[in-house]
Structure formats: C-alpha cells, structure tokens
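**Q** Structure incoming, see below.
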Amino acid sequence: MKDDLLQLAFKFIHDEIDEITYISRHDRDWYEVKELAATDPITFGILLRKLSLPNRRKALIQAFDLRTSELRTLLLGDFSESSSTISDLYHPVKYRRRFSNELLAQFGIIHRVPFEFAYKDGLVMERWDFKNFDFSGTVLTCMEDIVPLLRLSKDRNRDVNGYVLQPDTDKECYVRLESRADVIVVDLYNGDLLSLDQLMSALKSTSFTWSGFITQSVVPGYRYWTFIGAENESAIARVLESEFKYIQNDMRL
C-alpha cells in the first residue's frame, strides 16, 4: 500500500494521473508524504506545489504527523475550542473560509514552508521568503535571548514558534524553535557565519547534546542549518532516522 501511494505520487507529479485520482486512493494516512518529506524534500516540494491548496495543507499536516488537537493548539492556543478550524484548512468545499495571515504564517512556520504554500491556491513560486516571520514571528534583540527558550516541552507533545533576530547590524536572521518532550529542534534561516557562530555558542551553553547539519528546504536551492538537542544521543538518532533520512553527515557541538 505504501509503495503504491508513492508510485501514485510520482505519477501525479509527472502528469500521468490527475489530482482527483491521486487523492481518492488515500485512506486515513498519507504514508508517502511522510516518506518524501524525510527522504527527498525537493520532490516533496514539487508535489506540494502541484496540489490544490486544501490538499497541500492536508499533505503538510500528514507529513509532520500532527494530531488535530495538537495542531489546533499550536495555531490557536491552549484554550481554543474551535473544533472546525483544522478540517476547514483542508476541506475541499470549505477552504474558501478566510483565515488570518497570522494563523497561516504560523502554519507555514510549523511546516517549514514559505507563506505562499499555506496561503495561495494554484501554482506557487519556487522561492523562499520570510513573510511567515513578518506575520507571526516574535522579535528578539540578540541570540542570547534564545537560551531561556531552549527547554523540553512539559505540558504537551510539541511547541513550535518563530523568532526574528534583529541585531545592531542590518542582517536579520530567523529561527524556528520546536520543543518536544525528548528533543529540541532549532532551524536557522538567513544566517551568516556570525549568526551561526552566535547560535552555536548559545546552544553549547545548555546542558543538552547537539547535532547540527544543513537541511534542504522544499524550495530548490534554499538550505538552512538545523540543530537537534537532547539529553541523550539516542533521542537525536531517532529524529534523524525518522525525519531526516537523507542527511548523511552531521556534526556534534
């Protein structure tokens, strides 16, 4: 079944079948998008750009393996009672419902895609930008402000936020920070050597073990640094094996 869905995805990408045929073959789980996201981000990005907006959002949610209640909390907060928000994001009939730019930008940050991927129906550009952080990023003045945020999630399975680093120079950089019960995942976007060095120094000031590597985004040609921190190496290995299968070399800080 999983191999069949993967083959169908490639047939859809190469215009051998239409979107309705491809989508209709799925049951509850979209196994192939998880595999593509972990093994081949470029092909995963091609698939996302070809899908209509509701199905693109659905594919992203499936690829990141987020439960409905978990994603609702990440988008709307701990006390949200809006039970239809997540289904409306990918419902083919109701997707014309208007969502705020802030919510869609947070969706983009969570799923590591540009704002257009969460916002625009039809063909989206092969281009990376930082519009998500304009709408839904928290501004920090220096990299050291990241340190208190580097803690494991205690109250829920996952917490994801975006931060805009605005130092005294004109060079802004952007950080996606994901905390889980056993690991912390930090992405550095638009970073130069100085901001990379500052981030690594901040990470090394914690008690966690850190592994770093260069990640390929869903946009061809755009790469960024990712660091995984944990209290033990086995937790880092689990994330690498399940979510970053294409990474062949990583470094320990």
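Chain labels run A, B, ... following the order of the structure tokens; each chain numbers its residues from 1, and ligands are numbered from 1 in the order shown.
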At a cut-off of 7 Å, using only C-alpha atoms, what residues contact segment 50-58 of chain A? Leave out same-chain residues fewer than 3 positions from it and give the result as a ChimeraX atom specification.

**A** /A:46-47,61-62,89-92,95,118,120-123

**Q** Set the distance at 7 Å and use only C-alpha atoms: which residues neighbour segment 186-203 of chain A once local chain neighbours fewer than 3 positions away are removed? I'd like the list as a list in words.

**A**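 The filter keeps Met143, Glu144, Val147, Cys173, Tyr174, Val175, Arg176, Leu177, Glu178, Thr206, Tyr224, Trp225, Thr226, Phe227 and Ile228 of chain A.
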
**Q** Going by DSSP on the backbone, which bits of segment 25-246 of chain A are strand (DSSP E)? Write them as a PyMOL selection string, please.

**A** chain A and resi 137-140+158-165+173-180+183-189+209-216+223-230

**Q** Mind checking which residues fall within 12 Å of Ser24 of chain A, counting only C-alpha atoms, ignoring those fewer than 3 positions away in the same chain, and posting them as a PyMOL selection string?

**A** chain A and resi 5+8-9+17-21+27-28+30+55

**Q** What does the file look like for those residues with all heavy atoms, as an mmCIF file, in the first residue's frame?

**A**
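This is the output file out21.cif:
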```
data_model
loop_
_atom_site.group_PDB
_atom_site.id
_atom_site.type_symbol
_atom_site.label_atom_id
_atom_site.label_comp_id
_atom_site.auth_asym_id
_atom_site.auth_seq_id
_atom_site.Cartn_x
_atom_site.Cartn_y
_atom_site.Cartn_z
ATOM 1 N N LEU A 5 1.137 4.076 -3.029
ATOM 2 C CA LEU A 5 0.883 5.508 -2.884
ATOM 3 C C LEU A 5 2.079 6.332 -3.341
ATOM 4 O O LEU A 5 1.920 7.404 -3.937
ATOM 5 C CB LEU A 5 0.540 5.839 -1.430
ATOM 6 C CG LEU A 5 -0.843 5.400 -0.947
ATOM 7 C CD1 LEU A 5 -0.994 5.644 0.545
ATOM 8 C CD2 LEU A 5 -1.946 6.132 -1.710
ATOM 9 N N LEU A 8 1.949 6.395 -7.017
ATOM 10 C CA LEU A 8 0.889 7.304 -7.448
ATOM 11 C C LEU A 8 1.329 8.760 -7.341
ATOM 12 O O LEU A 8 1.001 9.586 -8.201
ATOM 13 C CB LEU A 8 -0.371 7.083 -6.611
ATOM 14 C CG LEU A 8 -1.200 5.844 -6.945
ATOM 15 C CD1 LEU A 8 -2.292 5.649 -5.903
ATOM 16 C CD2 LEU A 8 -1.819 5.980 -8.335
ATOM 17 N N ALA A 9 2.067 9.073 -6.288
ATOM 18 C CA ALA A 9 2.573 10.439 -6.122
ATOM 19 C C ALA A 9 3.471 10.817 -7.290
ATOM 20 O O ALA A 9 3.367 11.921 -7.850
ATOM 21 C CB ALA A 9 3.327 10.570 -4.802
ATOM 22 N N ILE A 17 -1.449 10.979 -13.945
ATOM 23 C CA ILE A 17 -2.794 10.917 -13.386
ATOM 24 C C ILE A 17 -3.152 12.304 -12.869
ATOM 25 O O ILE A 17 -2.273 13.140 -12.629
ATOM 26 C CB ILE A 17 -2.922 9.885 -12.232
ATOM 27 C CG1 ILE A 17 -1.947 10.220 -11.100
ATOM 28 C CG2 ILE A 17 -2.709 8.467 -12.744
ATOM 29 C CD1 ILE A 17 -2.113 9.325 -9.864
ATOM 30 N N ASP A 18 -4.455 12.566 -12.682
ATOM 31 C CA ASP A 18 -4.848 13.879 -12.178
ATOM 32 C C ASP A 18 -4.932 13.856 -10.650
ATOM 33 O O ASP A 18 -4.803 12.804 -10.000
ATOM 34 C CB ASP A 18 -6.165 14.336 -12.798
ATOM 35 C CG ASP A 18 -7.328 13.401 -12.500
ATOM 36 O OD1 ASP A 18 -7.245 12.595 -11.545
ATOM 37 O OD2 ASP A 18 -8.337 13.460 -13.221
ATOM 38 N N GLU A 19 -5.161 15.036 -10.095
ATOM 39 C CA GLU A 19 -5.162 15.161 -8.630
ATOM 40 C C GLU A 19 -6.305 14.376 -7.995
ATOM 41 O O GLU A 19 -6.139 13.758 -6.937
ATOM 42 C CB GLU A 19 -5.252 16.641 -8.229
ATOM 43 C CG GLU A 19 -5.179 16.868 -6.733
ATOM 44 C CD GLU A 19 -5.093 18.337 -6.366
ATOM 45 O OE1 GLU A 19 -5.061 19.189 -7.285
ATOM 46 O OE2 GLU A 19 -5.066 18.649 -5.158
ATOM 47 N N ILE A 20 -7.472 14.388 -8.618
ATOM 48 C CA ILE A 20 -8.620 13.673 -8.059
ATOM 49 C C ILE A 20 -8.311 12.180 -7.932
ATOM 50 O O ILE A 20 -8.594 11.546 -6.906
ATOM 51 C CB ILE A 20 -9.872 13.896 -8.927
ATOM 52 C CG1 ILE A 20 -10.303 15.367 -8.857
ATOM 53 C CG2 ILE A 20 -11.005 12.983 -8.466
ATOM 54 C CD1 ILE A 20 -11.447 15.713 -9.791
ATOM 55 N N THR A 21 -7.706 11.608 -8.966
ATOM 56 C CA THR A 21 -7.348 10.191 -8.932
ATOM 57 C C THR A 21 -6.341 9.915 -7.825
ATOM 58 O O THR A 21 -6.469 8.946 -7.070
ATOM 59 C CB THR A 21 -6.765 9.751 -10.292
ATOM 60 O OG1 THR A 21 -7.721 10.011 -11.314
ATOM 61 C CG2 THR A 21 -6.412 8.279 -10.279
ATOM 62 N N ASP A 27 -6.394 6.562 2.191
ATOM 63 C CA ASP A 27 -7.300 6.320 3.313
ATOM 64 C C ASP A 27 -6.983 7.366 4.369
ATOM 65 O O ASP A 27 -6.736 8.523 4.049
ATOM 66 C CB ASP A 27 -7.170 4.883 3.826
ATOM 67 C CG ASP A 27 -5.732 4.537 4.222
ATOM 68 O OD1 ASP A 27 -4.914 5.468 4.374
ATOM 69 O OD2 ASP A 27 -5.437 3.340 4.382
ATOM 70 N N ARG A 28 -6.929 6.972 5.607
ATOM 71 C CA ARG A 28 -6.720 7.941 6.680
ATOM 72 C C ARG A 28 -5.302 8.529 6.676
ATOM 73 O O ARG A 28 -5.096 9.694 6.976
ATOM 74 C CB ARG A 28 -7.003 7.244 8.017
ATOM 75 C CG ARG A 28 -7.083 8.174 9.183
ATOM 76 C CD ARG A 28 -7.617 7.429 10.392
ATOM 77 N NE ARG A 28 -7.716 8.271 11.548
ATOM 78 C CZ ARG A 28 -8.186 7.868 12.714
ATOM 79 N NH1 ARG A 28 -8.600 6.619 12.854
ATOM 80 N NH2 ARG A 28 -8.244 8.694 13.729
ATOM 81 N N TRP A 30 -1.582 9.345 4.855
ATOM 82 C CA TRP A 30 -0.883 9.576 3.591
ATOM 83 C C TRP A 30 0.576 9.159 3.802
ATOM 84 O O TRP A 30 1.453 9.993 4.011
ATOM 85 C CB TRP A 30 -0.960 11.045 3.194
ATOM 86 C CG TRP A 30 -2.347 11.539 2.898
ATOM 87 C CD1 TRP A 30 -3.526 11.030 3.340
ATOM 88 C CD2 TRP A 30 -2.681 12.664 2.079
ATOM 89 N NE1 TRP A 30 -4.581 11.759 2.866
ATOM 90 C CE2 TRP A 30 -4.083 12.769 2.080
ATOM 91 C CE3 TRP A 30 -1.933 13.583 1.343
ATOM 92 C CZ2 TRP A 30 -4.762 13.765 1.380
ATOM 93 C CZ3 TRP A 30 -2.596 14.579 0.649
ATOM 94 C CH2 TRP A 30 -3.996 14.660 0.658
ATOM 95 N N ASN A 55 -5.528 20.298 -0.399
ATOM 96 C CA ASN A 55 -4.748 19.065 -0.360
ATOM 97 C C ASN A 55 -3.283 19.320 -0.008
ATOM 98 O O ASN A 55 -2.624 18.470 0.582
ATOM 99 C CB ASN A 55 -4.856 18.335 -1.694
ATOM 100 C CG ASN A 55 -6.232 17.734 -1.908
ATOM 101 O OD1 ASN A 55 -6.869 17.278 -0.959
ATOM 102 N ND2 ASN A 55 -6.708 17.740 -3.142
#
```
